[in-house]
$ cat coords_14.txt   # compact mmCIF, C-alpha atoms
# COMPACT_ATOMS: atom_id res chain seq x y z
CA MET A 1 35.62 -47.29 -35.43
CA THR A 2 33.11 -49.77 -33.98
CA ILE A 3 33.51 -51.16 -30.47
CA THR A 4 31.92 -54.55 -29.90
CA ILE A 5 30.70 -55.15 -26.36
CA ASN A 6 30.41 -58.77 -25.23
CA SER A 7 29.27 -58.41 -21.60
CA PHE A 8 27.51 -56.00 -19.26
CA GLU A 9 30.80 -55.54 -17.40
CA GLU A 10 32.48 -54.32 -20.58
CA LEU A 11 29.48 -52.11 -21.28
CA ASP A 12 29.49 -50.49 -17.83
CA ASN A 13 33.24 -49.82 -18.05
CA PHE A 14 32.85 -48.23 -21.46
CA LEU A 15 29.90 -46.10 -20.35
CA ASN A 16 31.78 -44.89 -17.27
CA TYR A 17 34.66 -43.87 -19.54
CA VAL A 18 32.35 -41.97 -21.88
CA GLU A 19 30.48 -40.31 -19.00
CA ALA A 20 33.78 -38.97 -17.65
CA LEU A 21 34.36 -37.06 -20.91
CA ASN A 22 31.66 -34.60 -19.75
CA ASP A 23 31.22 -33.35 -23.31
CA ASP A 24 27.86 -33.75 -25.04
CA ASP A 25 29.24 -34.04 -28.57
CA ALA A 26 31.97 -36.48 -27.56
CA MET A 27 29.56 -38.66 -25.59
CA ARG A 28 27.07 -38.89 -28.46
CA LYS A 29 29.90 -39.73 -30.86
CA HIS A 30 31.13 -42.55 -28.62
CA TRP A 31 27.65 -43.99 -28.08
CA LEU A 32 27.32 -44.34 -31.85
CA THR A 33 30.43 -46.52 -31.97
CA LEU A 34 28.87 -49.16 -29.71
CA LYS A 35 27.90 -52.51 -31.13
CA LEU A 36 26.38 -54.91 -28.63
CA ASN A 37 26.83 -58.63 -29.08
CA PRO A 38 23.27 -60.07 -29.32
CA LEU A 39 24.35 -62.94 -27.05
CA ILE A 40 24.31 -60.45 -24.16
CA PHE A 41 20.53 -60.41 -24.35
CA LYS A 42 20.17 -64.21 -24.15
CA ASP A 43 17.03 -65.45 -25.93
CA PHE A 44 14.65 -62.74 -24.69
CA ALA A 45 14.18 -61.18 -28.12
CA GLU A 46 13.29 -64.49 -29.78
CA LYS A 47 10.76 -65.32 -27.06
CA ILE A 48 9.19 -61.87 -27.24
CA LYS A 49 8.76 -61.98 -31.05
CA LYS A 50 6.66 -65.14 -30.79
CA LEU A 51 3.98 -63.49 -28.61
CA ASP A 52 1.01 -61.24 -29.34
CA PRO A 53 2.21 -57.73 -28.34
CA PHE A 54 -1.21 -56.87 -26.88
CA THR A 55 -1.26 -59.72 -24.34
CA ASP A 56 -0.41 -59.82 -20.63
CA GLN A 57 2.12 -62.57 -21.37
CA TYR A 58 4.05 -60.24 -23.69
CA TYR A 59 3.94 -57.44 -21.11
CA SER A 60 5.19 -59.77 -18.37
CA LEU A 61 8.12 -60.96 -20.48
CA ILE A 62 9.07 -57.34 -21.25
CA GLN A 63 9.12 -56.66 -17.49
CA ASP A 64 11.45 -59.63 -16.99
CA PHE A 65 13.69 -58.39 -19.81
CA PHE A 66 13.97 -54.92 -18.26
CA GLY A 67 14.82 -56.48 -14.92
CA TYR A 68 17.58 -58.46 -16.61
CA LEU A 69 18.95 -55.39 -18.44
CA GLN A 70 18.80 -53.15 -15.36
CA GLY A 71 20.11 -55.75 -12.94
CA CYS A 72 17.19 -55.06 -10.60
CA LYS A 73 13.42 -54.77 -10.61
CA TYR A 74 12.08 -51.61 -12.26
CA HIS A 75 10.29 -48.98 -10.19
CA ILE A 76 8.65 -45.76 -11.37
CA SER A 77 10.80 -43.74 -8.94
CA ASN A 78 13.77 -44.54 -11.20
CA GLU A 79 12.39 -42.13 -13.81
CA GLY A 80 13.81 -39.12 -12.00
CA LEU A 81 17.23 -37.49 -12.35
CA LEU A 82 19.33 -35.38 -10.02
CA ILE A 83 19.67 -31.92 -11.54
CA ASP A 84 21.00 -28.49 -10.67
CA VAL A 85 17.71 -26.60 -10.32
CA GLU A 86 19.41 -23.18 -10.44
CA LEU A 87 21.32 -24.02 -13.60
CA MET A 88 18.28 -25.47 -15.31
CA THR A 89 16.16 -22.46 -14.33
CA HIS A 90 18.55 -19.82 -15.65
CA VAL A 91 20.28 -21.72 -18.47
CA GLY A 92 18.03 -24.70 -19.17
CA TYR A 93 18.14 -27.57 -21.62
CA PRO A 94 19.43 -27.91 -24.33
CA TYR A 95 21.62 -24.84 -23.67
CA SER A 96 23.24 -26.63 -20.72
CA THR A 97 24.85 -29.09 -23.17
CA ARG A 98 26.95 -26.23 -24.63
CA SER A 99 26.85 -28.10 -27.92
CA PRO A 100 26.03 -26.07 -31.06
CA ALA A 101 24.91 -29.28 -32.78
CA THR A 102 22.57 -30.35 -29.97
CA VAL A 103 21.18 -26.88 -29.24
CA GLY A 104 20.63 -26.17 -32.93
CA ALA A 105 18.93 -29.52 -33.52
CA PHE A 106 16.56 -29.09 -30.59
CA LEU A 107 15.61 -25.54 -31.54
CA ILE A 108 14.79 -26.76 -35.06
CA ALA A 109 12.75 -29.59 -33.51
CA TYR A 110 10.83 -27.29 -31.15
CA GLY A 111 9.87 -25.00 -34.02
CA PHE A 112 8.83 -27.96 -36.16
CA ILE A 113 6.73 -29.46 -33.35
CA ILE A 114 4.94 -26.19 -32.57
CA LYS A 115 4.25 -25.53 -36.24
CA THR A 116 3.00 -29.09 -36.82
CA MET A 117 0.74 -29.07 -33.73
CA ASN A 118 -0.84 -25.88 -35.05
CA VAL A 119 -3.11 -25.44 -32.01
CA PRO A 120 -4.96 -22.09 -32.16
CA ILE A 121 -4.55 -19.77 -29.16
CA PRO A 122 -6.20 -19.59 -26.66
CA ALA A 123 -5.94 -23.27 -25.82
CA ARG A 124 -5.09 -25.61 -22.96
CA ILE A 125 -2.24 -28.09 -23.36
CA LEU A 126 -1.51 -31.04 -21.08
CA ASP A 127 2.24 -31.75 -21.20
CA ILE A 128 2.82 -35.29 -19.84
CA GLY A 129 6.37 -36.22 -18.84
CA THR A 130 7.41 -32.63 -19.27
CA GLY A 131 10.95 -32.96 -17.86
CA VAL A 132 12.56 -29.58 -17.22
CA GLY A 133 10.11 -28.03 -19.66
CA ALA A 134 12.36 -26.99 -22.54
CA LEU A 135 9.51 -27.14 -25.06
CA THR A 136 6.96 -26.19 -22.40
CA GLN A 137 8.56 -22.79 -21.89
CA HIS A 138 8.29 -21.94 -25.59
CA LEU A 139 4.60 -22.86 -25.52
CA ALA A 140 3.97 -20.89 -22.33
CA LYS A 141 5.56 -17.76 -23.77
CA MET A 142 3.26 -18.06 -26.80
CA GLY A 143 0.19 -17.75 -24.57
CA TYR A 144 -1.04 -21.31 -24.10
CA ASP A 145 -2.36 -22.40 -20.71
CA LEU A 146 -0.28 -25.40 -19.69
CA THR A 147 -0.56 -28.21 -17.17
CA CYS A 148 2.81 -29.93 -16.75
CA VAL A 149 3.00 -33.47 -15.34
CA ASP A 150 6.13 -35.28 -14.17
CA VAL A 151 7.26 -37.76 -11.49
CA ASN A 152 10.26 -35.60 -10.56
CA ASP A 153 9.43 -32.54 -8.46
CA ASP A 154 12.85 -30.95 -9.20
CA PHE A 155 11.87 -30.85 -12.88
CA LEU A 156 8.58 -29.20 -11.97
CA GLU A 157 10.36 -26.71 -9.72
CA VAL A 158 12.39 -25.54 -12.72
CA ILE A 159 9.14 -24.93 -14.60
CA ARG A 160 7.56 -23.12 -11.64
CA ARG A 161 10.52 -20.74 -11.42
CA ALA A 162 10.95 -20.25 -15.18
CA SER A 163 7.25 -19.49 -15.73
CA LYS A 164 6.94 -16.82 -13.04
CA GLY A 165 5.65 -13.56 -14.47
CA LEU A 166 3.97 -15.11 -17.49
CA PRO A 167 0.38 -13.86 -17.91
CA ASN A 168 -1.09 -17.28 -18.74
CA ARG A 169 -1.44 -20.26 -16.41
CA VAL A 170 1.31 -22.86 -16.01
CA ASP A 171 0.24 -25.50 -13.49
CA CYS A 172 2.53 -28.28 -12.29
CA VAL A 173 1.29 -31.72 -11.22
CA LEU A 174 3.48 -34.35 -9.55
CA SER A 175 2.15 -37.65 -10.87
CA ASN A 176 2.91 -40.94 -12.56
CA MET A 177 1.56 -40.62 -16.10
CA GLU A 178 -0.10 -44.06 -15.86
CA GLU A 179 -2.24 -42.89 -12.90
CA LEU A 180 -3.11 -39.36 -14.02
CA ASP A 181 -6.66 -38.18 -13.30
CA LEU A 182 -7.11 -34.40 -13.44
CA LYS A 183 -10.84 -34.37 -14.25
CA GLN A 184 -10.14 -31.72 -16.87
CA LYS A 185 -10.20 -31.67 -20.65
CA PHE A 186 -7.52 -30.23 -22.94
CA ASP A 187 -7.21 -29.07 -26.53
CA ALA A 188 -3.96 -31.00 -26.88
CA VAL A 189 -2.10 -33.65 -24.91
CA LEU A 190 1.65 -33.58 -25.54
CA PHE A 191 4.30 -36.26 -25.08
CA MET A 192 7.76 -34.92 -25.89
CA GLU A 193 10.31 -37.76 -25.57
CA SER A 194 8.26 -39.09 -22.66
CA PHE A 195 5.70 -41.68 -23.85
CA HIS A 196 8.45 -44.28 -24.26
CA HIS A 197 9.20 -44.01 -20.52
CA SER A 198 5.84 -45.59 -19.69
CA LEU A 199 6.06 -49.38 -19.40
CA ASN A 200 2.26 -49.67 -19.27
CA HIS A 201 2.00 -47.32 -22.21
CA ARG A 202 -1.48 -48.44 -23.28
CA GLU A 203 -2.82 -47.35 -19.88
CA THR A 204 -0.99 -44.04 -20.33
CA LEU A 205 -2.69 -43.64 -23.71
CA LYS A 206 -6.09 -44.24 -22.07
CA LYS A 207 -5.33 -41.50 -19.55
CA ALA A 208 -4.40 -39.12 -22.38
CA ILE A 209 -7.65 -39.87 -24.23
CA ASN A 210 -9.66 -39.32 -21.03
CA HIS A 211 -8.21 -35.81 -20.81
CA LEU A 212 -8.92 -34.89 -24.44
CA LYS A 213 -11.62 -32.53 -25.70
CA PRO A 214 -13.80 -33.92 -28.53
CA ASN A 215 -11.80 -32.16 -31.24
CA GLY A 216 -8.49 -32.35 -29.42
CA ILE A 217 -5.23 -33.96 -30.51
CA ILE A 218 -2.58 -36.14 -28.90
CA VAL A 219 0.95 -35.23 -29.96
CA PHE A 220 3.82 -37.73 -29.87
CA ALA A 221 7.01 -35.73 -30.49
CA ALA A 222 10.49 -37.22 -30.96
CA GLU A 223 9.32 -40.64 -29.75
CA PRO A 224 11.26 -43.76 -30.89
CA ILE A 225 8.69 -45.12 -33.32
CA ILE A 226 10.63 -47.21 -35.83
CA LYS A 227 9.40 -47.66 -39.41
CA SER A 228 11.04 -51.07 -39.96
CA GLU A 229 12.56 -53.82 -37.83
CA THR A 230 16.14 -53.21 -36.70
CA ASP A 231 18.76 -54.96 -34.57
CA TYR A 232 18.02 -52.56 -31.73
CA LEU A 233 14.24 -53.14 -31.93
CA PRO A 234 13.68 -56.71 -33.16
CA TYR A 235 10.09 -56.95 -31.85
CA PRO A 236 6.84 -54.90 -31.96
CA TRP A 237 7.67 -53.03 -28.77
CA GLY A 238 10.15 -53.35 -25.96
CA PRO A 239 13.51 -52.05 -24.72
CA ARG A 240 15.69 -50.45 -27.36
CA LEU A 241 18.97 -52.32 -27.59
CA ASP A 242 21.27 -49.59 -28.90
CA GLY A 243 24.17 -48.43 -26.75
CA GLU A 244 22.72 -45.11 -25.63
CA SER A 245 19.39 -46.68 -24.59
CA ILE A 246 21.09 -49.51 -22.70
CA ARG A 247 23.22 -46.88 -20.98
CA ALA A 248 20.06 -45.09 -19.75
CA ILE A 249 18.57 -48.40 -18.58
CA ARG A 250 21.76 -49.47 -16.78
CA LYS A 251 22.84 -46.10 -15.36
CA HIS A 252 19.48 -44.50 -14.47
CA GLY A 253 17.09 -47.46 -14.32
CA TRP A 254 14.83 -45.76 -16.87
CA ILE A 255 12.32 -47.47 -19.10
CA GLU A 256 13.56 -46.97 -22.68
CA LEU A 257 10.91 -48.43 -24.95
CA GLY A 258 10.86 -48.47 -28.72
CA PHE A 259 7.80 -49.12 -30.88
CA SER A 260 7.48 -50.43 -34.41
CA GLU A 261 5.36 -48.07 -36.47
CA SER A 262 2.91 -50.87 -37.34
CA TYR A 263 2.38 -51.76 -33.67
CA PHE A 264 2.05 -48.10 -32.67
CA TYR A 265 -0.59 -47.38 -35.31
CA GLU A 266 -2.49 -50.55 -34.40
CA MET A 267 -2.46 -49.50 -30.74
CA LEU A 268 -3.91 -46.12 -31.70
CA HIS A 269 -6.51 -47.81 -33.91
CA LYS A 270 -7.62 -50.11 -31.08
CA SER A 271 -8.05 -46.98 -28.94
CA GLY A 272 -10.26 -45.24 -31.52
CA LEU A 273 -7.53 -42.94 -32.80
CA GLN A 274 -6.09 -42.28 -36.23
CA ALA A 275 -2.75 -40.68 -36.85
CA GLN A 276 -0.60 -38.73 -39.26
CA ARG A 277 3.19 -38.57 -39.12
CA PHE A 278 5.30 -35.54 -40.01
CA SER A 279 9.10 -35.48 -40.13
CA SER A 280 11.92 -33.16 -41.09
CA SER A 281 15.26 -34.22 -42.54
CA GLU A 282 16.97 -31.54 -40.44
CA THR A 283 17.05 -33.62 -37.25
CA HIS A 284 15.56 -36.87 -35.96
CA TRP A 285 14.04 -34.91 -33.06
CA ALA A 286 11.80 -33.09 -35.57
CA ASP A 287 9.39 -36.00 -35.81
CA VAL A 288 5.72 -35.72 -34.83
CA ILE A 289 2.74 -38.05 -34.82
CA ILE A 290 -0.62 -36.31 -34.43
CA ALA A 291 -3.39 -38.63 -33.19
CA ARG A 292 -7.05 -37.72 -32.95
CA PRO A 293 -10.36 -39.57 -32.55
CA TYR A 294 -11.72 -40.96 -35.80
CA LYS A 295 -13.75 -38.59 -37.90
CA SER A 296 -17.33 -39.86 -38.24
CA LEU A 297 -19.54 -39.78 -41.30
CA LYS A 298 -23.33 -39.63 -40.98
CA LEU A 299 -25.93 -40.61 -43.56
CA GLY A 300 -26.46 -37.80 -46.00
CA LYS A 301 -23.40 -35.92 -44.77
CA SER A 302 -20.00 -35.43 -46.33
CA LEU A 303 -16.36 -35.08 -45.37
CA SER A 304 -14.59 -32.25 -47.20
CA MET A 305 -10.93 -32.72 -48.12
CA ARG A 306 -10.36 -29.01 -48.71
CA ALA A 307 -7.67 -27.20 -46.72
CA GLY A 308 -8.85 -26.31 -43.24
CA GLN A 309 -11.77 -28.78 -43.28
CA GLU A 310 -12.10 -31.58 -40.72
CA GLY A 311 -12.41 -34.24 -43.41
CA THR A 312 -8.66 -33.91 -43.99
CA PHE A 313 -8.12 -35.50 -40.56
CA ALA A 314 -9.37 -38.78 -42.07
CA LEU A 315 -6.49 -38.82 -44.56
CA LEU A 316 -3.79 -41.25 -43.46
CA SER A 317 -0.71 -42.04 -45.56
CA GLY A 318 -0.08 -41.19 -49.20
CA TRP A 319 -1.54 -37.67 -49.36
CA SER A 320 -0.17 -34.21 -50.09
CA GLN A 321 -0.91 -31.11 -48.07
CA PRO A 322 -4.61 -30.13 -48.44
CA GLU A 323 -5.30 -27.29 -50.88
CA PRO A 324 -8.33 -25.01 -51.42
CA PHE A 325 -9.85 -27.41 -54.00
CA GLY A 326 -9.17 -30.63 -52.02
CA THR A 327 -6.15 -32.93 -51.57
CA TRP A 328 -3.90 -34.64 -54.14
CA THR A 329 -2.58 -38.13 -53.58
CA ASP A 330 1.20 -38.65 -53.43
CA GLY A 331 2.26 -42.22 -54.19
CA SER A 332 0.60 -45.42 -55.31
CA SER A 333 -1.37 -46.47 -52.21
CA PRO A 334 -3.08 -43.60 -50.33
CA THR A 335 -5.50 -44.50 -47.53
CA ILE A 336 -8.44 -42.88 -45.70
CA ARG A 337 -10.06 -44.00 -42.46
CA PHE A 338 -13.25 -42.85 -40.69
CA ILE A 339 -16.18 -44.21 -38.66
CA VAL A 340 -19.68 -44.69 -40.04
CA GLU A 341 -22.23 -43.55 -37.49
CA ASP A 342 -24.97 -46.06 -36.67
CA THR A 343 -27.28 -46.85 -39.56
CA PRO A 344 -30.71 -48.47 -39.12
CA GLU A 345 -30.69 -52.28 -39.25
CA THR A 346 -33.12 -52.16 -42.20
CA TYR A 347 -30.36 -50.69 -44.35
CA GLN A 348 -28.14 -53.46 -45.72
CA GLN A 349 -26.18 -51.60 -48.37
CA LEU A 350 -24.05 -48.48 -48.04
CA GLN A 351 -23.09 -46.12 -50.81
CA LEU A 352 -20.02 -43.91 -50.79
CA ASN A 353 -20.05 -40.94 -53.12
CA PHE A 354 -16.74 -39.44 -54.23
CA GLU A 355 -16.07 -36.02 -55.71
CA LEU A 356 -12.64 -36.24 -57.29
CA ILE A 357 -10.27 -35.12 -60.02
CA PRO A 358 -8.22 -37.78 -61.85
CA PHE A 359 -4.75 -36.51 -62.74
CA LEU A 360 -4.60 -36.58 -66.56
CA ALA A 361 -2.71 -34.66 -69.24
CA PHE A 362 -2.03 -34.76 -73.00
CA THR A 363 0.94 -37.07 -72.38
CA HIS A 364 -0.76 -39.03 -69.59
CA THR A 365 -4.26 -39.87 -70.82
CA GLU A 366 -5.20 -42.95 -68.79
CA GLN A 367 -5.42 -43.78 -65.10
CA GLN A 368 -6.62 -47.00 -63.42
CA ILE A 369 -7.41 -47.01 -59.72
CA LYS A 370 -8.54 -50.01 -57.69
CA VAL A 371 -10.53 -49.17 -54.56
CA PHE A 372 -10.42 -51.42 -51.48
CA ILE A 373 -12.81 -51.03 -48.54
CA ASN A 374 -11.53 -52.76 -45.40
CA GLU A 375 -9.28 -54.74 -47.75
CA HIS A 376 -12.22 -55.97 -49.88
CA HIS A 377 -11.82 -55.07 -53.55
CA ALA A 378 -14.87 -52.87 -54.09
CA GLU A 379 -14.39 -51.20 -57.48
CA THR A 380 -11.94 -50.48 -60.28
CA TRP A 381 -12.10 -46.99 -61.74
CA LEU A 382 -10.86 -46.18 -65.25
CA PHE A 383 -10.24 -42.58 -66.26
CA ASN A 384 -9.42 -41.33 -69.74
CA GLY A 385 -8.82 -37.85 -71.04
CA THR A 386 -6.30 -35.14 -71.76
CA GLU A 387 -6.96 -32.87 -68.79
CA SER A 388 -7.87 -33.08 -65.12
CA THR A 389 -11.55 -32.31 -64.62
CA GLU A 390 -13.93 -32.92 -61.72
CA GLU A 391 -15.83 -36.23 -61.72
CA LYS A 392 -18.21 -38.12 -59.42
CA ARG A 393 -17.95 -41.83 -58.66
CA THR A 394 -19.98 -44.10 -56.34
CA ILE A 395 -19.32 -47.43 -54.64
CA ILE A 396 -22.10 -49.60 -53.21
CA PHE A 397 -21.08 -52.26 -50.70
CA LEU A 398 -22.66 -54.53 -48.10
CA LYS A 399 -22.71 -53.59 -44.43
CA GLU A 400 -20.92 -56.90 -43.79
CA PHE A 401 -17.77 -55.08 -44.87
CA LEU A 402 -17.91 -53.30 -41.50
CA ASP A 403 -17.01 -54.82 -38.16
CA GLU A 404 -18.31 -53.77 -34.74
CA SER A 405 -16.04 -50.73 -34.72
CA LYS A 406 -17.89 -49.29 -37.79
CA VAL A 407 -14.56 -48.26 -39.24
CA ILE A 408 -14.18 -47.78 -42.97
CA ASN A 409 -10.64 -48.00 -44.28
CA ILE A 410 -10.40 -47.00 -47.95
CA ARG A 411 -7.23 -47.81 -49.86
CA PHE A 412 -6.67 -46.61 -53.42
CA GLN A 413 -4.28 -48.68 -55.52
CA ILE A 414 -3.13 -46.29 -58.25
CA SER A 415 -1.62 -47.97 -61.30
CA SER A 416 0.44 -45.10 -62.66
CA PRO A 417 0.92 -42.10 -60.37
CA ILE A 418 3.11 -39.52 -62.05
CA SER A 419 4.66 -36.16 -61.21
CA PRO A 420 3.82 -32.92 -63.00
CA SER A 421 7.56 -32.31 -63.33
CA SER A 422 8.06 -35.51 -65.34
CA LEU A 423 5.28 -34.34 -67.71
CA GLY A 424 6.91 -30.95 -68.12
CA LEU A 425 3.98 -29.17 -66.48
CA SER A 426 5.80 -27.70 -63.45
CA ASN A 427 8.56 -28.37 -60.92
CA ASP A 428 6.15 -30.41 -58.76
CA THR A 429 7.72 -33.81 -57.97
CA ARG A 430 4.71 -35.36 -56.19
CA GLN A 431 3.56 -38.70 -57.60
CA ILE A 432 -0.08 -37.78 -58.23
CA GLY A 433 -2.95 -40.09 -59.16
CA LEU A 434 -6.09 -38.22 -58.15
CA GLY A 435 -7.35 -35.27 -56.18
CA LEU A 436 -10.07 -35.90 -53.61
CA ILE A 437 -12.65 -33.17 -52.97
CA SER A 438 -15.19 -34.90 -50.70
CA ILE A 439 -16.78 -38.18 -49.60
CA SER A 440 -20.45 -38.56 -48.63
CA LEU A 441 -22.56 -41.51 -47.42
CA ASP A 442 -25.98 -42.95 -48.31
CA ALA A 443 -27.64 -46.22 -47.28
CA TRP A 444 -30.06 -48.54 -49.05
CA ARG A 445 -32.33 -51.44 -48.26
CA LYS A 446 -31.68 -54.58 -50.29

$ encode --input "coords_14.txt" --output "structure tokens"
Amino acid sequence: MTITINSFEELDNFLNYVEALNDDDAMRKHWLTLKLNPLIFKDFAEKIKKLDPFTDQYYSLIQDFFGYLQGCKYHISNEGLLIDVELMTHVGYPYSTRSPATVGAFLIAYGFIIKTMNVPIPARILDIGTGVGALTQHLAKMGYDLTCVDVNDDFLEVIRRASKGLPNRVDCVLSNMEELDLKQKFDAVLFMESFHHSLNHRETLKKAINHLKPNGIIVFAAEPIIKSETDYLPYPWGPRLDGESIRAIRKHGWIELGFSESYFYEMLHKSGLQAQRFSSSETHWADVIIARPYKSLKLGKSLSMRAGQEGTFALLSGWSQPEPFGTWTDGSSPTIRFIVEDTPETYQQLQLNFELIPFLAFTHTEQQIKVFINEHHAETWLFNGTESTEEKRTIIFLKEFLDESKVINIRFQISSPISPSSLGLSNDTRQIGLGLISISLDAWRK
């Protein structure tokens, strides 16, 4: 059954009713039944969609919208929550929900996040917006050194008590994430359901980058980053308009942002970061975006796409898991992105050299691949044969293809990716077009 809400008064009454149930499963079930009449939100969404999401004007209108939704002006102090410190220390979240569904889903998510982060120990992790430290405690018990940041000292007190007796360091810092300045560097910076509580999230991202070691990663776990436009996020970024999010805004005064995936990736790109997304079908909380500074490619050097090599960090969407030989594509439009280190002004042409394996078989003897560099059509490759064997291809292009950022974005448009299973070769269902072994760079004078 769907319940349509036509006013904030109706919404508050419904939320008070649901809150009184005091049952995690029942509350989540009821929140899903909410349907909010778009007229409640006036014309804010339409105004927001017309603006550039990276401008001060957009940011100002989002502030006004939150003030309207909350019924008062937002303040960072709202981001706290009254908790039972003793209960959270000895029982903790998610166990305090007493819901098998919620506890099970979060434990799956924590395992997925830790496995996906894959940070070798010893290492230092900065956990920003740590809350009561449910994931933090798993990481601490593994042997990581942790610095936990939150605006609520009761949350940090839970972590202080729960981490007593552990041999590694767990430091707690009371701070607004937008103003953080620890003058330390970390192997990983972690946001677990916290980045979306930062209204000035681009400033928060700058702070995270400032605390990152050169080969470090920024982890966005279980953040509301939406792949396509929805009724509850009809703009690049802003307040989520689903019932549960509006409840948190109205009841607690929290910032509850959502981000379109395209906006989020563009924000990372503008900050010199590239990202890969990993998700599990088990639970929506098992969703991770790993961001890291762009890999750079020097003249005469190469990026290896073999498993365990740093070149694999340049692989964006449309790729399989790296293997000892290199990495297979999966789909029709895989992309790579990296930075070209400064080349002398006397060099006007750049040459990319590719070591690759076209995916061919007796029943799949032809493959056509168009190659785009920064969306300029640079080359069309034709492959023919009855088996997959290693080949070398080159592309020469003008330096004008590059902008001031020196970023190279390579997109392969594969005409006929196909799975080994459909060819009767194996049970592999990946849609493969080519395997990439390495990319190297040369430069030429005209």

$ closest_residue --input "coords_14.txt" --among "A:Leu441, A:Leu434, A:Leu39, A:Leu205" --to "Glu179 of chain A" --atoms "all atoms listed in the file"
A:Leu205

$ residues_around --input "coords_14.txt" --residues "Asn37 of chain A" --least-positions-apart "5" --cutoff "9 Å" --atoms "all atoms listed in the file" --output "ChimeraX atom specification"
/A:4-7

$ residues_around --input "coords_14.txt" --residues "Glu203 of chain A" --least-positions-apart "3" --cutoff "9 Å" --atoms "only C-alpha atoms" --output "list in words"
Met177, Glu178, Glu179, Ser198, Asn200, Lys206, Lys207 and Ala208 of chain A

$ residues_near_point --input "coords_14.txt" --point "(-21.3, -39.8, -58.5)" --cutoff "7 Å" --atoms "all atoms listed in the file" --output "list in words"
Asn353, Phe354, Lys392, Arg393 and Thr394 of chain A

$ atom_distance --input "coords_14.txt" --atom1 "atom CA of Gln431 of chain A" --atom2 "atom CA of Ser281 of chain A"
19.6 Å

$ residues_around --input "coords_14.txt" --residues "segment 298-306 of chain A" --least-positions-apart "3" --cutoff "9 Å" --atoms "all atoms listed in the file" --output "VMD selection string"
chain A and resid 295 309 to 315 322 to 327 339 to 343 353 436 to 443
